[in-house]
Amino acid sequence: MAFQRACDISEFRDGQAVAVNLDGIDVAVARHEDEFFAVQDLCTHGHVALSEGEVEDCMIECWLHGSRFDLRSGKPTTLPATEPVATFAVQVNGDEILVDVSQTLNGVTPD
Ligand code: FES
């Protein structure tokens, strides 16, 4: 486990993810109520940044074709994407969000 600082809680805006790069991996950090999640910032359908889409109901929606990915599991819940996105462990330390990109929670290898 190698948690590192990704962003601050104060950076989050309603419905928006925060895009960061950790160890060369683009990561979208998203908030749902008081919980934080991190997924690879890459739609598994068309390889565009998920962080540019909306976050709602613990889902992040791809802005290009509208697939929604469950932030907890990384699984797409709507087509056209069919493959899950990699998910990473998150810790909160005061105002800081820490993410561990050394391994994925759902076993999906980051692209
Ligand atoms: S590029 Fe994301 S759903 Fe098509």
# chains A, B, ... in the order shown; residues from 1 in each chain; ligands from 1

$ residues_around --residues "Ser102 (chain A)" --least-positions-apart "3" --cutoff "12 Å" --atoms "only C-alpha atoms" --output "ChimeraX atom specification"
/A:1-4,22-25,86-90,99,105,107,109-110

$ write_last_selection --atoms "all heavy atoms" --output "CSV table (one decimal), in the first residue's frame"
chain,number,residue,atom,x,y,z
A,1,MET,N,0.8,-1.2,0.0
A,1,MET,CA,0.0,0.0,0.0
A,1,MET,C,0.9,1.2,0.0
A,1,MET,O,1.8,1.4,0.8
A,1,MET,CB,-0.9,0.0,1.2
A,1,MET,CG,-2.0,-1.0,1.2
A,1,MET,SD,-3.3,-0.7,0.0
A,1,MET,CE,-4.7,-1.2,0.8
A,2,ALA,N,0.6,2.1,-0.9
A,2,ALA,CA,1.4,3.4,-1.0
A,2,ALA,C,0.4,4.5,-1.2
A,2,ALA,O,0.3,4.9,-2.4
A,2,ALA,CB,2.4,3.3,-2.1
A,3,PHE,N,-0.2,5.0,-0.2
A,3,PHE,CA,-1.1,6.1,-0.4
A,3,PHE,C,-0.3,7.4,-0.6
A,3,PHE,O,0.7,7.6,0.1
A,3,PHE,CB,-2.0,6.3,0.9
A,3,PHE,CG,-3.1,5.2,0.9
A,3,PHE,CD1,-2.9,4.0,1.6
A,3,PHE,CD2,-4.3,5.5,0.2
A,3,PHE,CE1,-3.9,3.1,1.6
A,3,PHE,CE2,-5.3,4.5,0.2
A,3,PHE,CZ,-5.1,3.3,0.9
A,4,GLN,N,-0.8,8.2,-1.5
A,4,GLN,CA,-0.2,9.5,-1.7
A,4,GLN,C,-1.3,10.6,-1.9
A,4,GLN,O,-2.4,10.2,-2.3
A,4,GLN,CB,0.8,9.5,-2.9
A,4,GLN,CG,0.1,9.0,-4.2
A,4,GLN,CD,1.1,8.8,-5.3
A,4,GLN,OE1,1.9,9.8,-5.7
A,4,GLN,NE2,1.2,7.7,-5.9
A,22,LEU,N,-1.1,10.3,-10.8
A,22,LEU,CA,-0.3,9.7,-9.8
A,22,LEU,C,0.5,8.6,-10.3
A,22,LEU,O,-0.1,7.6,-10.9
A,22,LEU,CB,-1.3,9.1,-8.6
A,22,LEU,CG,-2.2,10.2,-8.0
A,22,LEU,CD1,-3.2,9.5,-7.1
A,22,LEU,CD2,-1.4,11.2,-7.2
A,23,ASP,N,1.8,8.7,-10.2
A,23,ASP,CA,2.7,7.6,-10.8
A,23,ASP,C,2.4,7.4,-12.2
A,23,ASP,O,2.5,6.2,-12.7
A,23,ASP,CB,2.6,6.4,-9.9
A,23,ASP,CG,3.1,6.5,-8.5
A,23,ASP,OD1,3.8,7.6,-8.3
A,23,ASP,OD2,2.9,5.7,-7.7
A,24,GLY,N,2.0,8.4,-13.0
A,24,GLY,CA,1.8,8.2,-14.4
A,24,GLY,C,0.4,7.7,-14.8
A,24,GLY,O,0.1,7.5,-15.9
A,25,ILE,N,-0.4,7.5,-13.8
A,25,ILE,CA,-1.8,7.0,-14.0
A,25,ILE,C,-2.8,8.2,-13.8
A,25,ILE,O,-2.8,8.8,-12.8
A,25,ILE,CB,-2.2,5.9,-13.1
A,25,ILE,CG1,-1.2,4.7,-13.3
A,25,ILE,CG2,-3.6,5.4,-13.3
A,25,ILE,CD1,-1.4,3.6,-12.3
A,86,ALA,N,-10.7,0.6,-13.7
A,86,ALA,CA,-9.9,0.3,-12.5
A,86,ALA,C,-10.3,1.2,-11.4
A,86,ALA,O,-10.5,2.4,-11.5
A,86,ALA,CB,-8.5,0.4,-12.8
A,87,THR,N,-10.5,0.6,-10.2
A,87,THR,CA,-10.8,1.4,-9.0
A,87,THR,C,-9.6,1.3,-8.0
A,87,THR,O,-8.9,0.3,-7.9
A,87,THR,CB,-12.0,0.9,-8.3
A,87,THR,OG1,-11.8,-0.5,-7.9
A,87,THR,CG2,-13.3,1.0,-9.2
A,88,PHE,N,-9.4,2.4,-7.2
A,88,PHE,CA,-8.3,2.5,-6.3
A,88,PHE,C,-8.7,2.8,-4.9
A,88,PHE,O,-9.8,3.5,-4.7
A,88,PHE,CB,-7.3,3.6,-6.8
A,88,PHE,CG,-6.8,3.4,-8.2
A,88,PHE,CD1,-7.3,4.2,-9.2
A,88,PHE,CD2,-5.8,2.5,-8.5
A,88,PHE,CE1,-6.9,4.1,-10.5
A,88,PHE,CE2,-5.4,2.3,-9.8
A,88,PHE,CZ,-5.9,3.1,-10.8
A,89,ALA,N,-7.9,2.4,-3.9
A,89,ALA,CA,-8.3,2.7,-2.5
A,89,ALA,C,-8.0,4.1,-2.2
A,89,ALA,O,-7.1,4.8,-2.7
A,89,ALA,CB,-7.4,1.8,-1.6
A,90,VAL,N,-8.9,4.7,-1.4
A,90,VAL,CA,-8.9,6.1,-1.0
A,90,VAL,C,-8.9,6.2,0.5
A,90,VAL,O,-9.5,5.4,1.2
A,90,VAL,CB,-10.1,6.8,-1.5
A,90,VAL,CG1,-10.1,8.3,-1.0
A,90,VAL,CG2,-10.2,6.8,-3.1
A,99,VAL,N,-4.7,8.6,-2.3
A,99,VAL,CA,-5.1,7.4,-3.2
A,99,VAL,C,-3.9,6.5,-3.4
A,99,VAL,O,-2.7,7.0,-3.4
A,99,VAL,CB,-5.5,8.0,-4.6
A,99,VAL,CG1,-5.8,6.8,-5.5
A,99,VAL,CG2,-6.8,8.8,-4.4
A,105,LEU,N,-8.5,-2.0,-6.6
A,105,LEU,CA,-9.5,-2.7,-5.7
A,105,LEU,C,-10.2,-3.8,-6.4
A,105,LEU,O,-10.6,-4.8,-5.8
A,105,LEU,CB,-10.4,-1.7,-5.1
A,105,LEU,CG,-9.9,-0.7,-4.1
A,105,LEU,CD1,-11.0,0.3,-3.7
A,105,LEU,CD2,-9.3,-1.4,-2.9
A,107,GLY,N,-9.3,-5.4,-9.3
A,107,GLY,CA,-8.5,-6.4,-10.1
A,107,GLY,C,-8.3,-6.0,-11.5
A,107,GLY,O,-7.7,-6.7,-12.3
A,109,THR,N,-6.6,-4.1,-14.4
A,109,THR,CA,-5.3,-3.5,-14.7
A,109,THR,C,-5.5,-2.2,-15.4
A,109,THR,O,-6.1,-2.2,-16.4
A,109,THR,CB,-4.4,-4.5,-15.5
A,109,THR,OG1,-4.3,-5.7,-14.9
A,109,THR,CG2,-3.0,-3.9,-15.7
A,110,PRO,N,-4.9,-1.1,-14.8
A,110,PRO,CA,-5.0,0.2,-15.5
A,110,PRO,C,-4.4,0.1,-16.9
A,110,PRO,O,-3.3,-0.5,-17.0
A,110,PRO,CB,-4.3,1.1,-14.6
A,110,PRO,CG,-4.2,0.4,-13.3
A,110,PRO,CD,-4.1,-1.0,-13.6

$ residues_near_ligand --ligand "ligand 1" --cutoff "9 Å" --atoms "only C-alpha atoms and all ligand atoms" --output "JSON, numbers by chain"
{"A": [42, 43, 44, 45, 46, 47, 48, 49, 50, 61, 62, 63, 64, 65, 66, 67, 68, 78, 79, 80, 81]}

$ atom_distance --atom1 "CA of Glu54 (chain A)" --atom2 "CA of Lys75 (chain A)"
16.0 Å

$ atom_distance --atom1 "CA of Phe36 (chain A)" --atom2 "CA of Val85 (chain A)"
16.0 Å

$ closest_residue --among "A:Val108, A:Glu52, A:Ile9, A:Cys58" --to "Glu33 (chain A)" --atoms "only C-alpha atoms"
A:Cys58

$ select_by_dssp --residues "chain A" --states "strand (DSSP E)" --output "PyMOL selection string"
chain A and resi 3-8+18-22+25-32+35-40+55-56+59-61+68-70+87-93+96-100

$ closest_residue --among "A:Asp111, A:Asp41, A:Asp26, A:Asp14" --to "Val55 (chain A)" --atoms "only C-alpha atoms"
A:Asp14

$ residues_around --residues "His32 (chain A)" --least-positions-apart "6" --cutoff "9 Å" --atoms "only C-alpha atoms" --output "list in words"
Gly15, Val55, Glu56, Asp57, Cys58, Met59 and Leu71 of chain A

$ write_last_selection --atoms "all heavy atoms" --output "compact mmCIF listing (two decimals), in the first residue's frame"
# COMPACT_ATOMS: atom_id res chain seq x y z
N GLY A 15 -21.03 17.52 -8.40
CA GLY A 15 -21.18 16.88 -9.70
C GLY A 15 -19.91 16.79 -10.51
O GLY A 15 -19.95 16.35 -11.65
N VAL A 55 -20.69 13.61 -12.08
CA VAL A 55 -20.76 12.65 -10.98
C VAL A 55 -22.13 12.81 -10.33
O VAL A 55 -22.52 13.92 -9.95
CB VAL A 55 -19.64 12.92 -9.95
CG1 VAL A 55 -19.79 11.99 -8.75
CG2 VAL A 55 -18.27 12.78 -10.59
N GLU A 56 -22.85 11.68 -10.24
CA GLU A 56 -24.19 11.74 -9.64
C GLU A 56 -24.56 10.34 -9.14
O GLU A 56 -24.29 9.34 -9.82
CB GLU A 56 -25.21 12.19 -10.70
CG GLU A 56 -26.60 12.43 -10.15
CD GLU A 56 -27.57 12.90 -11.22
OE1 GLU A 56 -27.37 12.53 -12.40
OE2 GLU A 56 -28.50 13.61 -10.88
N ASP A 57 -25.17 10.27 -7.97
CA ASP A 57 -25.66 9.00 -7.41
C ASP A 57 -24.58 7.93 -7.38
O ASP A 57 -24.83 6.77 -7.73
CB ASP A 57 -26.87 8.49 -8.21
CG ASP A 57 -28.04 9.43 -8.11
OD1 ASP A 57 -28.12 10.17 -7.11
OD2 ASP A 57 -28.87 9.43 -9.03
N CYS A 58 -23.40 8.29 -6.96
CA CYS A 58 -22.26 7.37 -6.86
C CYS A 58 -21.87 6.77 -8.22
O CYS A 58 -21.38 5.65 -8.31
CB CYS A 58 -22.53 6.26 -5.85
SG CYS A 58 -21.00 5.73 -5.01
N MET A 59 -22.14 7.52 -9.27
CA MET A 59 -21.77 7.13 -10.63
C MET A 59 -20.99 8.27 -11.27
O MET A 59 -21.22 9.45 -10.95
CB MET A 59 -23.01 6.91 -11.50
CG MET A 59 -24.00 5.92 -10.98
SD MET A 59 -23.56 4.27 -11.50
CE MET A 59 -24.83 3.36 -10.63
N LEU A 71 -18.97 4.06 -9.06
CA LEU A 71 -17.70 4.45 -8.45
C LEU A 71 -17.20 3.39 -7.47
O LEU A 71 -16.01 3.31 -7.19
CB LEU A 71 -17.86 5.79 -7.73
CG LEU A 71 -18.06 7.00 -8.64
CD1 LEU A 71 -18.52 8.20 -7.83
CD2 LEU A 71 -16.76 7.32 -9.39

$ residues_around --residues "Asn93 (chain A)" --least-positions-apart "3" --cutoff "10 Å" --atoms "only C-alpha atoms" --output "PyMOL selection string"
chain A and resi 5+8-9+90+96-98

$ write_last_selection --atoms "N, CA and C atoms" --output "mmCIF file, in the first residue's frame"
data_model
loop_
_atom_site.group_PDB
_atom_site.id
_atom_site.type_symbol
_atom_site.label_atom_id
_atom_site.label_comp_id
_atom_site.auth_asym_id
_atom_site.auth_seq_id
_atom_site.Cartn_x
_atom_site.Cartn_y
_atom_site.Cartn_z
ATOM 1 N N ARG A 5 -0.872 11.796 -1.662
ATOM 2 C CA ARG A 5 -1.841 12.879 -1.745
ATOM 3 C C ARG A 5 -2.332 13.033 -3.187
ATOM 4 N N ASP A 8 -7.266 18.025 -2.353
ATOM 5 C CA ASP A 8 -7.885 18.453 -1.102
ATOM 6 C C ASP A 8 -9.408 18.375 -1.228
ATOM 7 N N ILE A 9 -10.069 18.138 -0.124
ATOM 8 C CA ILE A 9 -11.533 18.084 -0.124
ATOM 9 C C ILE A 9 -12.123 19.390 -0.653
ATOM 10 N N VAL A 90 -8.930 4.681 -1.374
ATOM 11 C CA VAL A 90 -8.883 6.096 -0.982
ATOM 12 C C VAL A 90 -8.862 6.188 0.534
ATOM 13 N N GLU A 96 -7.109 16.281 3.243
ATOM 14 C CA GLU A 96 -6.436 15.661 2.097
ATOM 15 C C GLU A 96 -7.074 14.329 1.712
ATOM 16 N N ILE A 97 -7.140 14.118 0.392
ATOM 17 C CA ILE A 97 -7.569 12.829 -0.147
ATOM 18 C C ILE A 97 -6.318 12.097 -0.620
ATOM 19 N N LEU A 98 -6.132 10.898 -0.104
ATOM 20 C CA LEU A 98 -4.976 10.080 -0.465
ATOM 21 C C LEU A 98 -5.467 8.900 -1.303
#

$ select_by_dssp --residues "chain A" --states "helix (DSSP H, G or I)" --output "count of residues only"
6

$ atom_distance --atom1 "CA of Glu11 (chain A)" --atom2 "CA of Asp100 (chain A)"
18.9 Å

$ closest_residue --among "A:Arg31, A:Glu83, A:Ala38, A:Ser73" --to "Arg13 (chain A)" --atoms "only C-alpha atoms"
A:Arg31
